[in-house]
Number of protein chains: 4
Amino acid sequence: MIKAGIIGSTGYAGAELVRLLMGHKETEIVWYGSRSYIDKKYADVYRNMFEIVEDVCRDDNVAELAKEADVIFTATPQGFCAGLMSEEILSQAKVIDLSADFRIKDVAVYEKWYGMEHKSPQFIPEAVYGLCEINREQIRGTRLLANPGCYPTCSTLSIYPALKEGLIDANTLIIDAKSGTSGAGRGAKVDNLYCEVNENIKAYGVASHRHTPEIEEQLSYAAGETVTLNFTPHLVPMNRGILITAYASLKKNVSAADVKAVYDSYYKKEKFVRVLDAGVCPQTRWVEGSNYVDVGFVMDARTNRLIMMGAMDNLVKGAAGQAVQNMNLMFGLPEDMGLDLVPVFP
Amino acid sequence: MIKAGIIGSTGYAGAELVRLLMGHKETEIVWYGSRSYIDKKYADVYRNMFEIVEDVCRDDNVAELAKEADVIFTATPQGFCAGLMSEEILSQAKVIDLSADFRIKDVAVYEKWYGMEHKSPQFIPEAVYGLCEINREQIRGTRLLANPGCYPTCSTLSIYPALKEGLIDANTLIIDAKSGTSGAGRGAKVDNLYCEVNENIKAYGVASHRHTPEIEEQLSYAAGETVTLNFTPHLVPMNRGILITAYASLKKNVSAADVKAVYDSYYKKEKFVRVLDAGVCPQTRWVEGSNYVDVGFVMDARTNRLIMMGAMDNLVKGAAGQAVQNMNLMFGLPEDMGLDLVPVFP
Amino acid sequence: MIKAGIIGSTGYAGAELVRLLMGHKETEIVWYGSRSYIDKKYADVYRNMFEIVEDVCRDDNVAELAKEADVIFTATPQGFCAGLMSEEILSQAKVIDLSADFRIKDVAVYEKWYGMEHKSPQFIPEAVYGLCEINREQIRGTRLLANPGCYPTCSTLSIYPALKEGLIDANTLIIDAKSGTSGAGRGAKVDNLYCEVNENIKAYGVASHRHTPEIEEQLSYAAGETVTLNFTPHLVPMNRGILITAYASLKKNVSAADVKAVYDSYYKKEKFVRVLDAGVCPQTRWVEGSNYVDVGFVMDARTNRLIMMGAMDNLVKGAAGQAVQNMNLMFGLPEDMGLDLVPVFP
Amino acid sequence: MIKAGIIGSTGYAGAELVRLLMGHKETEIVWYGSRSYIDKKYADVYRNMFEIVEDVCRDDNVAELAKEADVIFTATPQGFCAGLMSEEILSQAKVIDLSADFRIKDVAVYEKWYGMEHKSPQFIPEAVYGLCEINREQIRGTRLLANPGCYPTCSTLSIYPALKEGLIDANTLIIDAKSGTSGAGRGAKVDNLYCEVNENIKAYGVASHRHTPEIEEQLSYAAGETVTLNFTPHLVPMNRGILITAYASLKKNVSAADVKAVYDSYYKKEKFVRVLDAGVCPQTRWVEGSNYVDVGFVMDARTNRLIMMGAMDNLVKGAAGQAVQNMNLMFGLPEDMGLDLVPVFP
């Protein structure tokens, strides 16, 4: 039985982690961390857990937690995980960080986009970027896992095969992304009030969203060259779900069947990536509550562009689900343990 | 392994049954019935099932199905199940009917409220009303199970203890109910279009909704006398969830603690009914996707009334989840098999 | 040209007042009060007003405002208006208070339900309760107008004729109300975040909501006796709209046509109250953005109860629209000036 | 007083036209056309019009209508208006066609994208494309007005200045559009049911949407060359609103201030186009219910692209509002008559 501690268990990603680990038969949560609700019953913060979780929330004592737990999940604001990381902690427990602190290899890029000093850059080299379908083997061996961001997960998985196989021109890449509101977190801000989000759509963080360098780094590995792209997220009036629509010029003269074959060659054996038939558009409703990413594409002969699309639940494959998938790999368990989640519809 | 067939598998309740049975380790679906989509791949109708369900939809040949299946679920319009019921079918397979055909014992009441002739009244006496927490023992032994309606499940469970213990005056009962839109089904009607339901709330079926006699019958058993009440459903712009708010005059001089004790005495051991503390109001978000009913109450000394509330997912405990719970009882399995569903939030 | 000042112009009700007064040809807003956004451009707080309103927000200097304005609207938290009221202010400007401070005649009742001391009870007697359809003549002559609450407006107008004419038993009255989320205000609270409200319905303030005594007082005038009732509000995932469903036992043997005739006798000449045919249920979508209240009813012979329903836009007839209607009366303008708002659908 | 007839008055665009014309003091609706609801009271189809519109719906007798009306609005499916157009009709009444029949000058392009024969191509040359801010003078003189599509209006107005002034490379244009669900019409289809649209986002018509050639034609006029672009619409769970996010490579070395100056030079005097400051993102909530288009942009130095954004109410500026604006121009009235609509928020 793996003993798990969660720092930031009362945010939306942390709460989703609790939900998923409740259904994971080899894990037991021993620490519900929440600075905001110390000593409060967890089920009083999230009443869905009434009669399911009896524990109270605890302060963020990571040194103590590292002694009690086999794995620590940090679902915390940027800078928090980097600020507490130490050899002592890593020698006692594996760490799966759901923040961005260890995702970007170039610390200067991190510091520029996140506007803060990185407090423990010495651990960046050993951290493994936890995109399971791409980095599976490295994940198995790490003790410090950088769980990918929601937009980067969906974007990278949707574009990776076409880019890696040289079908598209990396310099023409544009990613137009749409996310449900749980991605904005549970902080009490006017902009996230029901009446402000409902009946509205807007772009935000245009040309400046922090997930941009993360996506660029991962796609640069695929392209074998430095990729610079546009990434524009939009806020959609729904709770869960991310859809990305990506555009790139074709470099090769390929048919839709060729493109499908390329995607299948990467994902046919992947349980959590479902390749749709050419022309079928992914929709967030078909993956809600599950760990699936649905990817699809359309060829546009008129403009010689490939339109790549991906749909995913931002709290599952985009956060807690992928974290569990990574934990399974890191602990030698079946990769899909606790993740047999059939999408909930409607 | 129980072989299950579903008639009406492409309605919302049928599809939820598919979702739940996918996670039920002792059941295998052998028949996806759907008159509307015969020979179409089920996963093309419900793309959440892509790479999960490979079967195609089949016509409603119940005679044939009865031979192949151990249990038949009918998630069909009123009259359908009564129209096909026969000794031959019941001798070959157990039937769990999600429609209203066998819920009401007095056939005249059924025919009046549903406006149609009952085609097989001879089977009504043996049918068991599948409200598991109330009729558990009879359910175990039956071959014809009338799965309760969504509103009646939520209403009955929320009111039953107070009525049975004589705390409230049955003749003063008023139930004001609110439901998400999946309860209206997947039929293509203008009234159920997104733009008609969104940003709107309305009452419907006022003083005439068909669930009224079903609720009255069940509560009459509790009261030991004929109960006549007001039941008013409202349509709420959300996918899932039912909330009922019920009002009745107190007959006894009791404290909130007394009422809580009464509810606890009925439900403390019930996994799927969660009794909230006095004054805590149930919310549909805390039960979404799960088989729980959350019940709560408020005492109003000013008016000498008890306000009883219940929240539930209409597609789970209000339909497919309770159907699985009944199947488990009918086949001697643990009652909660396949129903360990942690509510999904947000 | 009437010079109007608004204290609390950046709340939802205040902003709606701005919207309506922009279309009122005899009024000019001279003061956009907002403690939270002093010196900030109003159109930067509400971008719908970009290129429409050029003013900046000002502090709450009511003494100064009273000199500049002919009418002061206070769309402020409870206690604010009572705290600043004085003979000097009222001698300079008329005051329309959208808070509850002057709605309740019995100061002890106010202080009990609102949990605060009333700072200027001496002005309560002269304040007129601004339910235009009931108190039209008194409104014309007042300088201190208590604008009714949203729930009380919808509840009182829906029930008043039946109660006044003795059709129903006041002691059996139960009001089950449902409101969109704008009624909860623009304060940044976790409970009002998009993800908390969306896909959810809940009751709140059960047996304790502050609008209860206000409704009781108004209905007591209608009944000619003290009315004590149950009022239960619910929060609905939509921006605007209030629906009330009220239940009462019939005292007279009347037909639906009789009831319709009673309602018509009260409202036939009222522009803003639309009486629906018997059996037609009001829906909030049909009044959104307008000053209408749609009222309807259903007779239930089985239970001998009358079910009365009313739908309204909580920000218009429930707040800013009624305030403008009152202003029109107080200044001798046509009652519907600036209120010719056709409901927006969808 | 202009006598107006509406063919298709019970669709969402037609109904919005009714709403707007109710507030237009120089117009009177003399014909509520609706094949689906012949002889039914209009207010029984759209209850928001209860006690506002007393007329009944009439059949589509355009010959008769042309005699009674000064202007005919056709808010009808593709092909309908082209099928009935004749010299006789146009000699009796001006026609404002809200369908696509007369928007595209090249009939072959129309027939290819719409998959139908054009029944009256002889009238295409004289038809004027009613994008008021671009074609104002020609609109004044026409008797056959092609009212622009919703996506083309928002796209063209958002991109036009940058393209016309040669700031961007037309061949790199990609338009990613998002629309509320009223754009899908009031037809009873499963895909538009509440439960299918709510909590979902999807692309549709990828590389094949019929608004593509219309946008390309208009932007080709601006570019002075043939423009071929990608246009990808998405369906968003909200009633109203269109947001477009457009990407193009910069051809000139310009600052954000330069771009702003270009947009201002085109739109400063335009009441209905509001140019936001550089970096401010338009949001659909700020224009809902009004005839405004809010346009904004972000310069991305990293990728040397200009990101152009526009937000609009699809039923107003994207359909009925622009139709009224065009009518005003065609009849010599002030362009904004009946369109002084302050955006409704929330």
# chains A, B, ... in the order shown; residues from 1 in each chain; ligands from 1
call {"tool": "calpha_fit_and_write", "arguments": {"fixed": "chain A", "moving": "chain C", "output": "CSV table (one decimal) with C-alpha atoms, in the first residue's frame"}}
result
chain,number,residue,atom,x,y,z
C,1,MET,CA,0.0,0.0,0.0
C,2,ILE,CA,1.5,3.3,-1.1
C,3,LYS,CA,1.2,6.1,1.4
C,4,ALA,CA,0.4,9.3,-0.4
C,5,GLY,CA,0.4,12.9,0.9
C,6,ILE,CA,-1.1,15.8,-1.0
C,7,ILE,CA,0.0,19.3,-0.5
C,8,GLY,CA,-2.8,21.6,-1.8
C,9,SER,CA,-5.5,19.0,-1.5
C,10,THR,CA,-8.3,21.6,-1.4
C,11,GLY,CA,-7.7,23.1,-4.8
C,12,TYR,CA,-9.6,21.7,-7.7
C,13,ALA,CA,-6.6,19.6,-8.9
C,14,GLY,CA,-5.9,18.4,-5.4
C,15,ALA,CA,-9.5,17.4,-4.9
C,16,GLU,CA,-9.5,15.5,-8.1
C,17,LEU,CA,-6.5,13.6,-6.9
C,18,VAL,CA,-8.4,12.7,-3.8
C,19,ARG,CA,-11.3,11.5,-5.9
C,20,LEU,CA,-9.0,9.3,-8.1
C,21,LEU,CA,-7.0,7.9,-5.2
C,22,MET,CA,-10.2,6.9,-3.4
C,23,GLY,CA,-10.6,4.4,-6.3
C,24,HIS,CA,-7.0,3.3,-6.4
C,25,LYS,CA,-6.7,0.1,-4.6
C,26,GLU,CA,-2.9,0.3,-3.9
C,27,THR,CA,-2.9,3.8,-2.4
C,28,GLU,CA,-3.9,5.3,0.8
C,29,ILE,CA,-3.9,9.0,1.5
C,30,VAL,CA,-2.2,9.8,4.7
C,31,TRP,CA,-2.0,13.6,4.5
C,32,TYR,CA,-4.5,16.1,3.3
C,33,GLY,CA,-2.5,19.2,3.2
C,34,SER,CA,-4.3,22.6,3.0
C,35,ARG,CA,-3.0,25.8,4.4
C,36,SER,CA,-6.4,27.5,4.0
C,37,TYR,CA,-8.3,24.9,6.0
C,38,ILE,CA,-6.0,23.5,8.7
C,39,ASP,CA,-7.8,21.3,11.2
C,40,LYS,CA,-11.0,21.5,9.2
C,41,LYS,CA,-12.6,18.2,8.2
C,42,TYR,CA,-11.8,17.6,4.5
C,43,ALA,CA,-15.4,16.6,3.9
C,44,ASP,CA,-16.6,19.9,5.2
C,45,VAL,CA,-14.6,21.6,2.4
C,46,TYR,CA,-15.7,19.1,-0.2
C,47,ARG,CA,-19.0,17.7,0.8
C,48,ASN,CA,-18.9,15.1,-2.0
C,49,MET,CA,-16.4,13.4,0.3
C,50,PHE,CA,-19.0,13.2,3.2
C,51,GLU,CA,-18.8,9.7,4.7
C,52,ILE,CA,-15.9,8.9,2.3
C,53,VAL,CA,-13.0,10.9,3.8
C,54,GLU,CA,-12.9,11.3,7.5
C,55,ASP,CA,-9.6,13.1,7.8
C,56,VAL,CA,-8.9,16.7,8.7
C,57,CYS,CA,-6.7,19.1,6.7
C,58,ARG,CA,-3.2,19.6,7.8
C,59,ASP,CA,-0.6,22.3,7.5
C,60,ASP,CA,2.2,22.1,4.9
C,61,ASN,CA,4.9,20.4,6.9
C,62,VAL,CA,6.7,18.7,4.1
C,63,ALA,CA,9.6,17.5,6.3
C,64,GLU,CA,7.2,15.6,8.5
C,65,LEU,CA,5.1,14.5,5.5
C,66,ALA,CA,8.2,13.1,3.8
C,67,LYS,CA,8.6,10.7,6.7
C,68,GLU,CA,5.1,9.5,6.6
C,69,ALA,CA,4.5,9.2,2.9
C,70,ASP,CA,5.9,7.2,0.0
C,71,VAL,CA,4.9,9.8,-2.5
C,72,ILE,CA,4.1,13.5,-2.1
C,73,PHE,CA,1.9,15.3,-4.6
C,74,THR,CA,2.3,19.0,-4.7
C,75,ALA,CA,-0.8,20.7,-6.2
C,76,THR,CA,0.4,24.1,-5.2
C,77,PRO,CA,1.1,27.6,-6.7
C,78,GLN,CA,4.3,28.2,-8.7
C,79,GLY,CA,7.4,28.4,-6.7
C,80,PHE,CA,6.1,26.4,-3.7
C,81,CYS,CA,7.6,23.1,-4.6
C,82,ALA,CA,10.9,24.5,-5.8
C,83,GLY,CA,11.1,26.4,-2.5
C,84,LEU,CA,10.9,23.3,-0.3
C,85,MET,CA,12.8,20.7,-2.4
C,86,SER,CA,15.8,19.1,-0.8
C,87,GLU,CA,17.9,16.0,-1.0
C,88,GLU,CA,16.5,15.0,2.3
C,89,ILE,CA,12.9,15.0,1.1
C,90,LEU,CA,13.7,13.2,-2.1
C,91,SER,CA,15.7,10.6,-0.2
C,92,GLN,CA,12.6,9.8,1.8
C,93,ALA,CA,9.7,10.1,-0.7
C,94,LYS,CA,9.1,10.4,-4.4
C,95,VAL,CA,7.7,13.8,-5.4
C,96,ILE,CA,5.1,14.4,-8.1
C,97,ASP,CA,4.8,18.1,-8.6
C,98,LEU,CA,1.7,19.3,-10.4
C,99,SER,CA,3.0,22.9,-10.6
C,100,ALA,CA,5.4,24.1,-13.3
C,101,ASP,CA,8.5,24.3,-11.1
C,102,PHE,CA,10.4,21.4,-12.6
C,103,ARG,CA,8.9,21.2,-16.1
C,104,ILE,CA,11.2,23.6,-17.9
C,105,LYS,CA,14.8,22.6,-18.3
C,106,ASP,CA,16.2,26.0,-18.9
C,107,VAL,CA,15.9,27.9,-15.6
C,108,ALA,CA,16.3,31.2,-17.3
C,109,VAL,CA,13.2,30.5,-19.4
C,110,TYR,CA,11.3,29.5,-16.3
C,111,GLU,CA,12.3,32.6,-14.4
C,112,LYS,CA,11.5,34.9,-17.3
C,113,TRP,CA,8.0,33.5,-17.9
C,114,TYR,CA,7.1,33.0,-14.3
C,115,GLY,CA,8.6,36.2,-13.0
C,116,MET,CA,10.2,34.6,-10.0
C,117,GLU,CA,13.6,33.1,-9.0
C,118,HIS,CA,13.8,29.4,-9.0
C,119,LYS,CA,14.8,28.3,-5.5
C,120,SER,CA,16.3,24.9,-6.3
C,121,PRO,CA,17.6,24.8,-9.8
C,122,GLN,CA,20.0,22.0,-8.9
C,123,PHE,CA,17.1,19.5,-9.0
C,124,ILE,CA,15.9,20.5,-12.5
C,125,PRO,CA,18.2,18.2,-14.4
C,126,GLU,CA,17.0,15.0,-12.6
C,127,ALA,CA,13.3,15.9,-12.9
C,128,VAL,CA,11.4,14.0,-15.5
C,129,TYR,CA,8.7,15.5,-17.5
C,130,GLY,CA,5.8,13.2,-16.9
C,131,LEU,CA,4.1,13.0,-20.3
C,132,CYS,CA,3.6,9.2,-20.0
C,133,GLU,CA,3.1,8.4,-23.6
C,134,ILE,CA,6.3,10.1,-24.6
C,135,ASN,CA,8.7,9.7,-21.6
C,136,ARG,CA,7.5,6.4,-20.2
C,137,GLU,CA,10.8,4.8,-19.5
C,138,GLN,CA,12.4,7.8,-17.8
C,139,ILE,CA,9.4,8.2,-15.6
C,140,ARG,CA,9.7,4.7,-14.2
C,141,GLY,CA,13.1,5.6,-12.8
C,142,THR,CA,12.7,9.0,-11.4
C,143,ARG,CA,12.1,10.3,-7.9
C,144,LEU,CA,11.1,13.8,-9.0
C,145,LEU,CA,8.3,14.0,-11.5
C,146,ALA,CA,7.2,17.2,-13.2
C,147,ASN,CA,3.6,16.6,-14.0
C,148,PRO,CA,2.8,18.4,-17.3
C,149,GLY,CA,0.5,21.4,-17.5
C,150,CYS,CA,-3.0,20.9,-18.8
C,151,TYR,CA,-2.6,22.8,-22.0
C,152,PRO,CA,0.8,21.3,-22.8
C,153,THR,CA,-0.5,17.8,-22.3
C,154,CYS,CA,-3.3,18.3,-24.7
C,155,SER,CA,-1.3,20.3,-27.2
C,156,THR,CA,1.8,18.1,-27.2
C,157,LEU,CA,-0.1,14.8,-27.6
C,158,SER,CA,-2.2,16.3,-30.4
C,159,ILE,CA,0.7,17.6,-32.4
C,160,TYR,CA,3.7,15.3,-31.5
C,161,PRO,CA,3.3,12.6,-34.2
C,162,ALA,CA,2.8,15.0,-37.1
C,163,LEU,CA,5.8,17.1,-36.0
C,164,LYS,CA,8.1,14.2,-35.2
C,165,GLU,CA,7.4,12.6,-38.5
C,166,GLY,CA,8.1,15.8,-40.3
C,167,LEU,CA,4.6,16.2,-41.8
C,168,ILE,CA,4.3,19.9,-40.7
C,169,ASP,CA,6.4,23.0,-40.6
C,170,ALA,CA,7.1,23.8,-37.0
C,171,ASN,CA,7.5,27.5,-37.6
C,172,THR,CA,3.9,27.8,-38.8
C,173,LEU,CA,2.4,26.3,-35.6
C,174,ILE,CA,-0.5,28.1,-34.0
C,175,ILE,CA,-2.4,26.6,-31.1
C,176,ASP,CA,-5.8,28.0,-30.2
C,177,ALA,CA,-6.9,26.5,-26.9
C,178,LYS,CA,-10.2,26.5,-25.0
C,179,SER,CA,-10.6,25.5,-21.4
C,180,GLY,CA,-13.3,25.0,-18.8
C,181,THR,CA,-13.2,27.2,-15.7
C,182,SER,CA,-11.9,24.7,-13.2
C,183,GLY,CA,-8.5,25.4,-14.8
C,184,ALA,CA,-8.7,28.9,-13.2
C,185,GLY,CA,-8.6,27.3,-9.7
C,186,ARG,CA,-10.8,27.8,-6.7
C,187,GLY,CA,-9.5,31.2,-5.7
C,188,ALA,CA,-12.2,33.8,-4.9
C,189,LYS,CA,-11.8,36.3,-7.8
C,190,VAL,CA,-14.4,38.5,-9.4
C,191,ASP,CA,-13.3,37.3,-12.8
C,192,ASN,CA,-14.2,33.7,-12.0
C,193,LEU,CA,-17.6,34.4,-10.5
C,194,TYR,CA,-20.5,32.5,-12.1
C,195,CYS,CA,-22.1,35.7,-13.6
C,196,GLU,CA,-18.8,36.8,-15.1
C,197,VAL,CA,-18.0,33.5,-16.8
C,198,ASN,CA,-21.4,32.3,-17.8
C,199,GLU,CA,-22.6,33.4,-21.2
C,200,ASN,CA,-19.1,34.6,-22.1
C,201,ILE,CA,-16.0,33.6,-24.0
C,202,LYS,CA,-12.7,35.5,-24.0
C,203,ALA,CA,-9.1,35.0,-24.8
C,204,TYR,CA,-6.6,35.6,-22.0
C,205,GLY,CA,-2.8,35.6,-21.6
C,206,VAL,CA,-2.5,36.2,-25.4
C,207,ALA,CA,1.1,35.8,-26.4
C,208,SER,CA,2.1,35.7,-22.8
C,209,HIS,CA,0.6,32.5,-21.2
C,210,ARG,CA,3.1,30.6,-19.1
C,211,HIS,CA,2.3,27.3,-20.7
C,212,THR,CA,3.8,28.6,-24.0
C,213,PRO,CA,7.5,27.8,-23.2
C,214,GLU,CA,6.5,24.4,-21.9
C,215,ILE,CA,4.7,23.5,-25.1
C,216,GLU,CA,7.6,24.9,-27.1
C,217,GLU,CA,10.2,22.9,-25.2
C,218,GLN,CA,8.3,19.6,-25.7
C,219,LEU,CA,7.6,20.3,-29.3
C,220,SER,CA,11.2,21.3,-29.9
C,221,TYR,CA,12.2,17.8,-28.8
C,222,ALA,CA,9.8,16.4,-31.4
C,223,ALA,CA,10.9,18.7,-34.1
C,224,GLY,CA,14.6,18.4,-33.4
C,225,GLU,CA,14.8,22.2,-33.7
C,226,THR,CA,13.7,25.2,-31.6
C,227,VAL,CA,10.0,25.8,-32.0
C,228,THR,CA,8.5,29.2,-31.5
C,229,LEU,CA,4.7,29.2,-31.7
C,230,ASN,CA,1.5,31.1,-30.9
C,231,PHE,CA,-0.5,29.7,-28.0
C,232,THR,CA,-3.8,31.4,-27.2
C,233,PRO,CA,-6.0,30.1,-24.4
C,234,HIS,CA,-9.7,31.0,-24.0
C,235,LEU,CA,-12.0,30.7,-21.1
C,236,VAL,CA,-15.2,28.7,-21.8
C,237,PRO,CA,-18.3,28.6,-19.6
C,238,MET,CA,-18.1,25.0,-18.5
C,239,ASN,CA,-16.5,23.3,-15.6
C,240,ARG,CA,-14.2,20.8,-17.2
C,241,GLY,CA,-12.5,20.2,-20.5
C,242,ILE,CA,-9.8,21.5,-22.7
C,243,LEU,CA,-10.0,21.6,-26.5
C,244,ILE,CA,-7.0,22.6,-28.6
C,245,THR,CA,-7.2,23.5,-32.3
C,246,ALA,CA,-3.8,23.6,-33.8
C,247,TYR,CA,-2.8,24.8,-37.3
C,248,ALA,CA,0.4,24.1,-39.3
C,249,SER,CA,1.4,24.1,-42.9
C,250,LEU,CA,2.1,20.7,-44.4
C,251,LYS,CA,5.6,20.0,-45.5
C,252,LYS,CA,4.9,16.7,-47.1
C,253,ASN,CA,2.4,15.6,-49.7
C,254,VAL,CA,0.4,13.2,-47.7
C,255,SER,CA,-3.2,11.9,-47.7
C,256,ALA,CA,-5.5,11.9,-44.7
C,257,ALA,CA,-4.9,8.1,-44.5
C,258,ASP,CA,-1.2,8.7,-44.3
C,259,VAL,CA,-1.7,11.1,-41.4
C,260,LYS,CA,-4.0,8.7,-39.7
C,261,ALA,CA,-1.4,6.0,-40.1
C,262,VAL,CA,1.2,8.2,-38.5
C,263,TYR,CA,-1.0,8.9,-35.5
C,264,ASP,CA,-1.9,5.3,-35.1
C,265,SER,CA,1.7,4.2,-35.2
C,266,TYR,CA,2.3,6.4,-32.1
C,267,TYR,CA,-0.9,5.8,-30.2
C,268,LYS,CA,-2.5,2.5,-31.3
C,269,LYS,CA,-1.1,0.8,-28.1
C,270,GLU,CA,-1.8,3.8,-25.9
C,271,LYS,CA,-4.9,3.2,-23.8
C,272,PHE,CA,-5.4,6.9,-22.9
C,273,VAL,CA,-4.9,8.4,-26.3
C,274,ARG,CA,-7.8,7.7,-28.7
C,275,VAL,CA,-7.1,8.6,-32.4
C,276,LEU,CA,-10.4,9.5,-34.1
C,277,ASP,CA,-11.0,8.9,-37.8
C,278,ALA,CA,-9.9,11.6,-40.2
C,279,GLY,CA,-12.5,14.4,-40.2
C,280,VAL,CA,-14.0,13.5,-36.8
C,281,CYS,CA,-13.7,16.4,-34.4
C,282,PRO,CA,-13.0,15.6,-30.7
C,283,GLN,CA,-15.4,17.1,-28.2
C,284,THR,CA,-14.8,17.6,-24.5
C,285,ARG,CA,-18.1,15.9,-23.5
C,286,TRP,CA,-16.8,12.6,-24.7
C,287,VAL,CA,-13.8,12.5,-22.3
C,288,GLU,CA,-15.2,14.2,-19.2
C,289,GLY,CA,-14.2,12.6,-16.0
C,290,SER,CA,-11.8,10.2,-17.7
C,291,ASN,CA,-8.1,10.1,-18.4
C,292,TYR,CA,-8.5,10.0,-22.2
C,293,VAL,CA,-7.2,12.4,-24.7
C,294,ASP,CA,-9.1,12.3,-28.0
C,295,VAL,CA,-7.1,13.5,-31.0
C,296,GLY,CA,-8.3,14.1,-34.5
C,297,PHE,CA,-7.3,16.1,-37.5
C,298,VAL,CA,-8.6,17.6,-40.8
C,299,MET,CA,-6.5,18.1,-43.9
C,300,ASP,CA,-7.2,21.3,-45.8
C,301,ALA,CA,-6.1,21.0,-49.3
C,302,ARG,CA,-7.1,24.6,-50.1
C,303,THR,CA,-4.7,26.0,-47.6
C,304,ASN,CA,-2.2,23.1,-47.5
C,305,ARG,CA,-2.6,23.1,-43.7
C,306,LEU,CA,-3.2,20.3,-41.2
C,307,ILE,CA,-5.7,21.2,-38.5
C,308,MET,CA,-5.0,19.1,-35.4
C,309,MET,CA,-7.4,18.9,-32.5
C,310,GLY,CA,-7.3,17.3,-29.1
C,311,ALA,CA,-9.9,17.1,-26.3
C,312,MET,CA,-9.2,16.2,-22.7
C,313,ASP,CA,-10.5,16.6,-19.1
C,314,ASN,CA,-8.2,19.3,-17.7
C,315,LEU,CA,-8.5,17.9,-14.2
C,316,VAL,CA,-7.8,14.3,-15.1
C,317,LYS,CA,-5.4,13.7,-18.0
C,318,GLY,CA,-4.5,17.4,-17.6
C,319,ALA,CA,-3.6,17.1,-13.9
C,320,ALA,CA,-4.7,14.5,-11.3
C,321,GLY,CA,-5.2,11.6,-13.7
C,322,GLN,CA,-1.8,12.0,-15.3
C,323,ALA,CA,-0.3,12.3,-11.9
C,324,VAL,CA,-1.7,9.0,-10.9
C,325,GLN,CA,-0.6,7.5,-14.2
C,326,ASN,CA,2.9,8.7,-13.4
C,327,MET,CA,2.7,7.4,-9.8
C,328,ASN,CA,1.8,4.0,-11.2
C,329,LEU,CA,4.8,4.0,-13.5
C,330,MET,CA,7.1,5.2,-10.7
C,331,PHE,CA,5.9,2.5,-8.4
C,332,GLY,CA,5.9,-0.3,-10.9
C,333,LEU,CA,2.1,-0.7,-10.9
C,334,PRO,CA,0.0,-1.3,-14.0
C,335,GLU,CA,-0.1,2.1,-15.7
C,336,ASP,CA,-3.9,2.3,-15.7
C,337,MET,CA,-4.6,1.3,-12.1
C,338,GLY,CA,-7.3,3.5,-10.7
C,339,LEU,CA,-7.8,5.1,-14.1
C,340,ASP,CA,-10.4,2.9,-15.6
C,341,LEU,CA,-12.7,5.8,-15.7
C,342,VAL,CA,-15.5,5.7,-18.3
C,343,PRO,CA,-16.2,9.2,-19.5
C,344,VAL,CA,-19.4,10.6,-17.9
C,345,PHE,CA,-22.0,11.8,-20.3
C,346,PRO,CA,-24.1,13.8,-20.2
call {"tool": "select_by_dssp", "arguments": {"residues": "region 41-290 of chain C", "states": "strand (DSSP E or B)", "output": "PyMOL selection string"}}
result
chain C and resi 41+56+58+71-74+94-97+128-129+144-146+168+174-179+193+202-203+230-235+242-250+273-275+283
call {"tool": "select_by_dssp", "arguments": {"residues": "region 15-244 of chain C", "states": "alpha helix (DSSP H)", "output": "ChimeraX atom specification"}}
result
/C:15-22,42-45,62-68,80-84,87-92,107-114,132-141,150-164,194-197,211-223
